[in-house]
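Text of entry19.pdb, listed as PDB, C-alpha atoms:
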```pdb
ATOM      1  CA  MET A   1    -299.463 150.021  38.453
ATOM      2  CA  SER A   2    -300.977 153.448  37.883
ATOM      3  CA  PRO A   3    -298.800 156.566  38.178
ATOM      4  CA  GLN A   4    -298.916 158.169  41.607
ATOM      5  CA  PHE A   5    -298.541 161.779  42.751
ATOM      6  CA  HIS A   6    -294.999 161.238  44.049
ATOM      7  CA  ASP A   7    -293.945 160.028  40.574
ATOM      8  CA  LEU A   8    -294.680 163.545  39.323
ATOM      9  CA  VAL A   9    -291.869 164.703  41.610
ATOM     10  CA  GLY A  10    -289.584 161.664  41.312
ATOM     11  CA  TYR A  11    -289.301 161.568  37.523
ATOM     12  CA  PRO A  12    -288.346 165.256  37.097
ATOM     13  CA  ALA A  13    -285.900 164.779  40.014
ATOM     14  CA  ALA A  14    -284.242 161.813  38.282
ATOM     15  CA  PHE A  15    -284.242 163.667  34.950
ATOM     16  CA  LEU A  16    -282.608 166.816  36.384
ATOM     17  CA  THR A  17    -279.871 165.104  38.434
ATOM     18  CA  THR A  18    -279.012 162.995  35.364
ATOM     19  CA  VAL A  19    -278.986 165.650  32.598
ATOM     20  CA  ALA A  20    -277.146 168.083  34.930
ATOM     21  CA  PHE A  21    -273.905 166.260  34.110
ATOM     22  CA  ILE A  22    -274.268 166.909  30.370
ATOM     23  CA  PRO A  23    -273.226 170.623  30.546
ATOM     24  CA  GLN A  24    -270.413 169.749  32.998
ATOM     25  CA  ALA A  25    -269.017 166.940  30.834
ATOM     26  CA  TRP A  26    -269.346 169.123  27.726
ATOM     27  CA  GLN A  27    -267.627 172.133  29.349
ATOM     28  CA  SER A  28    -264.807 169.981  30.755
ATOM     29  CA  TRP A  29    -264.278 168.254  27.392
ATOM     30  CA  ARG A  30    -264.370 171.469  25.361
ATOM     31  CA  THR A  31    -262.274 173.736  27.607
ATOM     32  CA  ARG A  32    -260.075 171.126  29.349
ATOM     33  CA  ASP A  33    -260.356 173.492  32.330
ATOM     34  CA  LEU A  34    -260.572 171.126  35.307
ATOM     35  CA  SER A  35    -258.943 173.390  37.889
ATOM     36  CA  GLY A  36    -262.041 173.974  40.048
ATOM     37  CA  ILE A  37    -263.146 170.336  39.847
ATOM     38  CA  SER A  38    -262.491 168.162  42.912
ATOM     39  CA  LEU A  39    -260.767 164.854  42.102
ATOM     40  CA  PRO A  40    -262.009 163.147  45.316
ATOM     41  CA  MET A  41    -265.558 164.258  44.474
ATOM     42  CA  TYR A  42    -265.535 162.622  41.034
ATOM     43  CA  ALA A  43    -263.764 159.509  42.333
ATOM     44  CA  LEU A  44    -266.353 158.971  45.102
ATOM     45  CA  PHE A  45    -269.287 160.044  42.935
ATOM     46  CA  THR A  46    -268.396 157.813  39.965
ATOM     47  CA  LEU A  47    -267.986 154.800  42.263
ATOM     48  CA  GLY A  48    -271.323 155.623  43.928
ATOM     49  CA  VAL A  49    -273.111 155.924  40.590
ATOM     50  CA  ALA A  50    -271.666 152.558  39.484
ATOM     51  CA  LEU A  51    -273.171 151.025  42.643
ATOM     52  CA  TRP A  52    -276.517 152.780  41.931
ATOM     53  CA  MET A  53    -276.468 151.196  38.467
ATOM     54  CA  ILE A  54    -275.889 147.735  39.975
ATOM     55  CA  TYR A  55    -278.632 148.490  42.524
ATOM     56  CA  GLY A  56    -281.006 149.259  39.630
ATOM     57  CA  LEU A  57    -280.233 145.811  38.154
ATOM     58  CA  LEU A  58    -280.694 144.074  41.535
ATOM     59  CA  ILE A  59    -284.092 145.651  42.208
ATOM     60  CA  ASP A  60    -285.113 145.281  38.533
ATOM     61  CA  SER A  61    -285.668 149.023  38.145
ATOM     62  CA  LEU A  62    -285.136 150.172  34.566
ATOM     63  CA  PRO A  63    -285.386 153.920  35.470
ATOM     64  CA  VAL A  64    -282.690 153.593  38.174
ATOM     65  CA  PHE A  65    -280.465 151.569  35.826
ATOM     66  CA  VAL A  66    -280.883 153.883  32.813
ATOM     67  CA  ALA A  67    -280.452 157.144  34.774
ATOM     68  CA  ASN A  68    -277.295 155.851  36.416
ATOM     69  CA  ILE A  69    -275.652 154.339  33.342
ATOM     70  CA  ILE A  70    -275.980 157.762  31.663
ATOM     71  CA  THR A  71    -274.593 159.578  34.734
ATOM     72  CA  LEU A  72    -271.813 156.983  34.976
ATOM     73  CA  GLY A  73    -270.685 157.738  31.422
ATOM     74  CA  LEU A  74    -270.720 161.505  31.998
ATOM     75  CA  SER A  75    -269.030 161.490  35.417
ATOM     76  CA  SER A  76    -266.416 158.979  34.209
ATOM     77  CA  LEU A  77    -265.501 161.406  31.420
ATOM     78  CA  VAL A  78    -265.051 164.305  33.887
ATOM     79  CA  LEU A  79    -263.054 162.008  36.221
ATOM     80  CA  ALA A  80    -260.794 160.847  33.369
ATOM     81  CA  LEU A  81    -260.131 164.446  32.241
ATOM     82  CA  LYS A  82    -259.406 165.462  35.862
ATOM     83  CA  ILE A  83    -256.957 162.562  36.337
ATOM     84  CA  GLN A  84    -255.251 163.505  33.056
ATOM     85  CA  GLN A  85    -254.912 167.126  34.243
ATOM     86  CA  ALA A  86    -253.678 166.050  37.693
ATOM     87  CA  LEU A  87    -251.004 163.786  36.164
ATOM     88  CA  ARG A  88    -249.872 166.544  33.782
ATOM     89  CA  SER A  89    -249.499 169.130  36.513
ATOM     90  CA  ARG A  90    -247.391 166.923  38.790
TER
ATOM     91  CA  MET B   1    -288.492 144.388  57.246
ATOM     92  CA  SER B   2    -285.178 142.521  57.254
ATOM     93  CA  PRO B   3    -282.235 143.909  55.287
ATOM     94  CA  GLN B   4    -281.944 142.474  51.797
ATOM     95  CA  PHE B   5    -278.938 141.832  49.569
ATOM     96  CA  HIS B   6    -279.638 144.824  47.361
ATOM     97  CA  ASP B   7    -279.494 147.095  50.458
ATOM     98  CA  LEU B   8    -275.814 146.144  50.762
ATOM     99  CA  VAL B   9    -275.322 147.861  47.402
ATOM    100  CA  GLY B  10    -277.904 150.649  47.803
ATOM    101  CA  TYR B  11    -276.654 152.088  51.100
ATOM    102  CA  PRO B  12    -272.997 152.419  50.053
ATOM    103  CA  ALA B  13    -274.278 153.917  46.754
ATOM    104  CA  ALA B  14    -276.325 156.546  48.616
ATOM    105  CA  PHE B  15    -273.444 157.203  51.021
ATOM    106  CA  LEU B  16    -270.871 157.719  48.235
ATOM    107  CA  THR B  17    -272.983 159.974  45.983
ATOM    108  CA  THR B  18    -273.827 162.106  49.049
ATOM    109  CA  VAL B  19    -270.397 162.464  50.695
ATOM    110  CA  ALA B  20    -268.782 163.019  47.274
ATOM    111  CA  PHE B  21    -269.960 166.641  47.409
ATOM    112  CA  ILE B  22    -268.080 167.323  50.676
ATOM    113  CA  PRO B  23    -264.593 167.554  49.055
ATOM    114  CA  GLN B  24    -266.049 169.602  46.158
ATOM    115  CA  ALA B  25    -267.829 172.090  48.449
ATOM    116  CA  TRP B  26    -264.738 172.310  50.674
ATOM    117  CA  GLN B  27    -262.365 172.862  47.709
ATOM    118  CA  SER B  28    -264.663 175.487  46.134
ATOM    119  CA  TRP B  29    -265.066 177.316  49.469
ATOM    120  CA  ARG B  30    -261.361 177.254  50.333
ATOM    121  CA  THR B  31    -259.868 178.113  46.931
ATOM    122  CA  ARG B  32    -262.739 180.130  45.395
ATOM    123  CA  ASP B  33    -261.580 178.533  42.141
ATOM    124  CA  LEU B  34    -264.840 177.885  40.278
ATOM    125  CA  SER B  35    -263.483 178.190  36.747
ATOM    126  CA  GLY B  36    -263.944 174.551  35.689
ATOM    127  CA  ILE B  37    -267.346 174.242  37.382
ATOM    128  CA  SER B  38    -270.396 174.322  35.073
ATOM    129  CA  LEU B  39    -273.074 176.794  36.209
ATOM    130  CA  PRO B  40    -275.878 174.981  34.302
ATOM    131  CA  MET B  41    -274.806 171.714  35.933
ATOM    132  CA  TYR B  42    -275.144 173.066  39.463
ATOM    133  CA  ALA B  43    -278.388 174.912  38.642
ATOM    134  CA  LEU B  44    -280.024 171.746  37.241
ATOM    135  CA  PHE B  45    -278.485 169.456  39.853
ATOM    136  CA  THR B  46    -279.483 171.592  42.858
ATOM    137  CA  LEU B  47    -283.065 171.844  41.575
ATOM    138  CA  GLY B  48    -283.130 168.079  40.996
ATOM    139  CA  VAL B  49    -281.809 167.334  44.484
ATOM    140  CA  ALA B  50    -284.473 169.647  45.991
ATOM    141  CA  LEU B  51    -287.102 167.562  44.159
ATOM    142  CA  TRP B  52    -285.467 164.307  45.425
ATOM    143  CA  MET B  53    -285.747 165.704  48.961
ATOM    144  CA  ILE B  54    -289.464 166.426  48.456
ATOM    145  CA  TYR B  55    -289.829 162.953  46.904
ATOM    146  CA  GLY B  56    -288.304 161.467  50.078
ATOM    147  CA  LEU B  57    -290.955 163.256  52.146
ATOM    148  CA  LEU B  58    -293.773 162.146  49.831
ATOM    149  CA  ILE B  59    -292.786 158.469  49.916
ATOM    150  CA  ASP B  60    -291.925 158.679  53.656
ATOM    151  CA  SER B  61    -288.327 157.591  53.064
ATOM    152  CA  LEU B  62    -285.973 158.959  55.714
ATOM    153  CA  PRO B  63    -282.792 157.756  53.880
ATOM    154  CA  VAL B  64    -283.854 159.524  50.645
ATOM    155  CA  PHE B  65    -284.771 162.684  52.576
ATOM    156  CA  VAL B  66    -281.591 162.781  54.702
ATOM    157  CA  ALA B  67    -279.188 161.997  51.836
ATOM    158  CA  ASN B  68    -280.736 164.682  49.664
ATOM    159  CA  ILE B  69    -280.977 167.439  52.285
ATOM    160  CA  ILE B  70    -277.211 167.012  52.872
ATOM    161  CA  THR B  71    -276.476 167.051  49.129
ATOM    162  CA  LEU B  72    -278.792 170.053  48.732
ATOM    163  CA  GLY B  73    -276.772 172.049  51.271
ATOM    164  CA  LEU B  74    -273.454 171.150  49.632
ATOM    165  CA  SER B  75    -274.523 171.689  46.008
ATOM    166  CA  SER B  76    -276.259 174.969  46.945
ATOM    167  CA  LEU B  77    -272.956 176.218  48.368
ATOM    168  CA  VAL B  78    -271.072 175.364  45.151
ATOM    169  CA  LEU B  79    -273.882 176.947  43.078
ATOM    170  CA  ALA B  80    -273.807 180.147  45.185
ATOM    171  CA  LEU B  81    -270.001 180.443  44.862
ATOM    172  CA  LYS B  82    -270.258 179.850  41.101
ATOM    173  CA  ILE B  83    -272.965 182.531  40.699
ATOM    174  CA  GLN B  84    -270.820 184.949  42.726
ATOM    175  CA  GLN B  85    -267.818 184.231  40.481
ATOM    176  CA  ALA B  86    -269.927 184.540  37.307
ATOM    177  CA  LEU B  87    -271.329 187.918  38.424
ATOM    178  CA  ARG B  88    -267.839 189.222  39.302
ATOM    179  CA  SER B  89    -266.335 188.255  35.959
ATOM    180  CA  ARG B  90    -269.013 189.988  33.880
TER
END
```
Would you give me this structure, written as structure tokens?
Amino acid sequence: MSPQFHDLVGYPAAFLTTVAFIPQAWQSWRTRDLSGISLPMYALFTLGVALWMIYGLLIDSLPVFVANIITLGLSSLVLALKIQQALRSR
Amino acid sequence: MSPQFHDLVGYPAAFLTTVAFIPQAWQSWRTRDLSGISLPMYALFTLGVALWMIYGLLIDSLPVFVANIITLGLSSLVLALKIQQALRSR
């Protein structure tokens, strides 16, 4: 399977939407400032990314699996910090 | 093309990671509290989602295109509000 033109768009797309969560997870971890972060967003998003990871396994796609297991780790961290903050401020 | 088992995982995955940005965009718009939001995250993510949208066009995938044009609108709104807040607090 030779690389195709659309791969030149798809791989940077996958790279960007995956690494994007690194600065967010880092900022949330470092500052513990979660006030502007939406809890429903991270709950829905983390569940969705877990399903994407399973989807990657089902269709035997290593790129889909790898991108989503990384995003799952990062978004789970933000979700956990947000839940912690929400419980504290009750 | 009949639906396959992996579609039963893929469609909910796409649905969740798309609609997840609705509560975030709504919260950011309503409260204008962007303090915990990472500017680099939304810059990288919005660019990545724009590429995913183009990728959807290139591979003729309506689900990929539709999911990403919705996410693009929502993440662009959060990015714009974050830039506005960052400029104000300089």
Neighbouring residues of Thr71 (chain A) were defined as those with any atom within 12 Å, considering only C-alpha atoms; residues of the same chain fewer than 2 positions away were excluded. Please report them as number ranges by chain. A: 14-25, 42, 45-53, 64-69, 73-79; B: 17, 45
Just how far from CA of Gln27 (chain B) is CA of Pro12 (chain B), in Å to one decimal? 23.2 Å
What does chain B look like after a least-squares fit onto chain A on every Cα paired in order, written as a compact mmCIF listing (two decimals) with C-alpha atoms, in the coordinates of the input?
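As a result, superposed_8.txt now contains:
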```txt
# COMPACT_ATOMS: atom_id res chain seq x y z
CA MET B 1 -299.48 150.05 38.46
CA SER B 2 -300.99 153.49 37.87
CA PRO B 3 -298.79 156.58 38.19
CA GLN B 4 -298.91 158.17 41.62
CA PHE B 5 -298.53 161.77 42.76
CA HIS B 6 -295.02 161.23 44.06
CA ASP B 7 -293.95 160.01 40.58
CA LEU B 8 -294.68 163.54 39.32
CA VAL B 9 -291.87 164.70 41.62
CA GLY B 10 -289.59 161.65 41.32
CA TYR B 11 -289.29 161.56 37.52
CA PRO B 12 -288.35 165.24 37.09
CA ALA B 13 -285.91 164.76 40.02
CA ALA B 14 -284.24 161.80 38.28
CA PHE B 15 -284.24 163.65 34.95
CA LEU B 16 -282.61 166.80 36.38
CA THR B 17 -279.88 165.09 38.43
CA THR B 18 -279.00 162.98 35.36
CA VAL B 19 -278.99 165.63 32.60
CA ALA B 20 -277.17 168.07 34.92
CA PHE B 21 -273.91 166.26 34.12
CA ILE B 22 -274.26 166.91 30.36
CA PRO B 23 -273.24 170.62 30.53
CA GLN B 24 -270.43 169.76 32.99
CA ALA B 25 -269.02 166.94 30.82
CA TRP B 26 -269.35 169.12 27.71
CA GLN B 27 -267.64 172.14 29.36
CA SER B 28 -264.81 169.98 30.76
CA TRP B 29 -264.28 168.26 27.38
CA ARG B 30 -264.36 171.48 25.36
CA THR B 31 -262.28 173.74 27.61
CA ARG B 32 -260.07 171.15 29.36
CA ASP B 33 -260.36 173.51 32.33
CA LEU B 34 -260.56 171.14 35.31
CA SER B 35 -258.96 173.41 37.88
CA GLY B 36 -262.03 173.97 40.08
CA ILE B 37 -263.15 170.33 39.84
CA SER B 38 -262.50 168.16 42.92
CA LEU B 39 -260.77 164.86 42.09
CA PRO B 40 -262.02 163.14 45.30
CA MET B 41 -265.56 164.25 44.47
CA TYR B 42 -265.54 162.63 41.04
CA ALA B 43 -263.76 159.50 42.33
CA LEU B 44 -266.36 158.97 45.09
CA PHE B 45 -269.29 160.04 42.93
CA THR B 46 -268.40 157.81 39.96
CA LEU B 47 -267.98 154.80 42.26
CA GLY B 48 -271.31 155.61 43.93
CA VAL B 49 -273.12 155.93 40.60
CA ALA B 50 -271.67 152.56 39.48
CA LEU B 51 -273.18 151.03 42.65
CA TRP B 52 -276.54 152.78 41.94
CA MET B 53 -276.47 151.20 38.47
CA ILE B 54 -275.89 147.74 39.98
CA TYR B 55 -278.63 148.50 42.53
CA GLY B 56 -281.01 149.24 39.63
CA LEU B 57 -280.24 145.81 38.17
CA LEU B 58 -280.69 144.08 41.54
CA ILE B 59 -284.08 145.65 42.23
CA ASP B 60 -285.11 145.29 38.54
CA SER B 61 -285.67 149.04 38.15
CA LEU B 62 -285.13 150.19 34.57
CA PRO B 63 -285.39 153.94 35.47
CA VAL B 64 -282.70 153.59 38.18
CA PHE B 65 -280.47 151.57 35.83
CA VAL B 66 -280.89 153.89 32.81
CA ALA B 67 -280.46 157.15 34.76
CA ASN B 68 -277.31 155.86 36.42
CA ILE B 69 -275.65 154.34 33.34
CA ILE B 70 -275.98 157.76 31.65
CA THR B 71 -274.60 159.57 34.71
CA LEU B 72 -271.82 156.97 34.96
CA GLY B 73 -270.68 157.73 31.41
CA LEU B 74 -270.71 161.50 31.99
CA SER B 75 -269.04 161.49 35.42
CA SER B 76 -266.42 158.98 34.20
CA LEU B 77 -265.50 161.41 31.42
CA VAL B 78 -265.05 164.30 33.88
CA LEU B 79 -263.06 162.00 36.22
CA ALA B 80 -260.79 160.85 33.36
CA LEU B 81 -260.12 164.46 32.24
CA LYS B 82 -259.40 165.46 35.85
CA ILE B 83 -256.95 162.55 36.34
CA GLN B 84 -255.23 163.51 33.07
CA GLN B 85 -254.91 167.12 34.24
CA ALA B 86 -253.68 166.05 37.70
CA LEU B 87 -251.00 163.78 36.18
CA ARG B 88 -249.83 166.54 33.80
CA SER B 89 -249.47 169.13 36.54
CA ARG B 90 -247.33 166.94 38.79
```
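Nearest to chain A of all the residues B:Leu58, B:Leu8, B:Ala86, B:Pro3 is B:Leu58, based on only C-alpha atoms.
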What is the distance between CA of Leu57 (chain B) and CA of Leu39 (chain B), in Å to one decimal? 27.5 Å
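In this comparison, which uses all atoms listed in the file, the residue of B:Ile54, B:Ala43, B:Ile83, B:Leu62 approaching Phe5 (chain A) most closely is B:Ile54.
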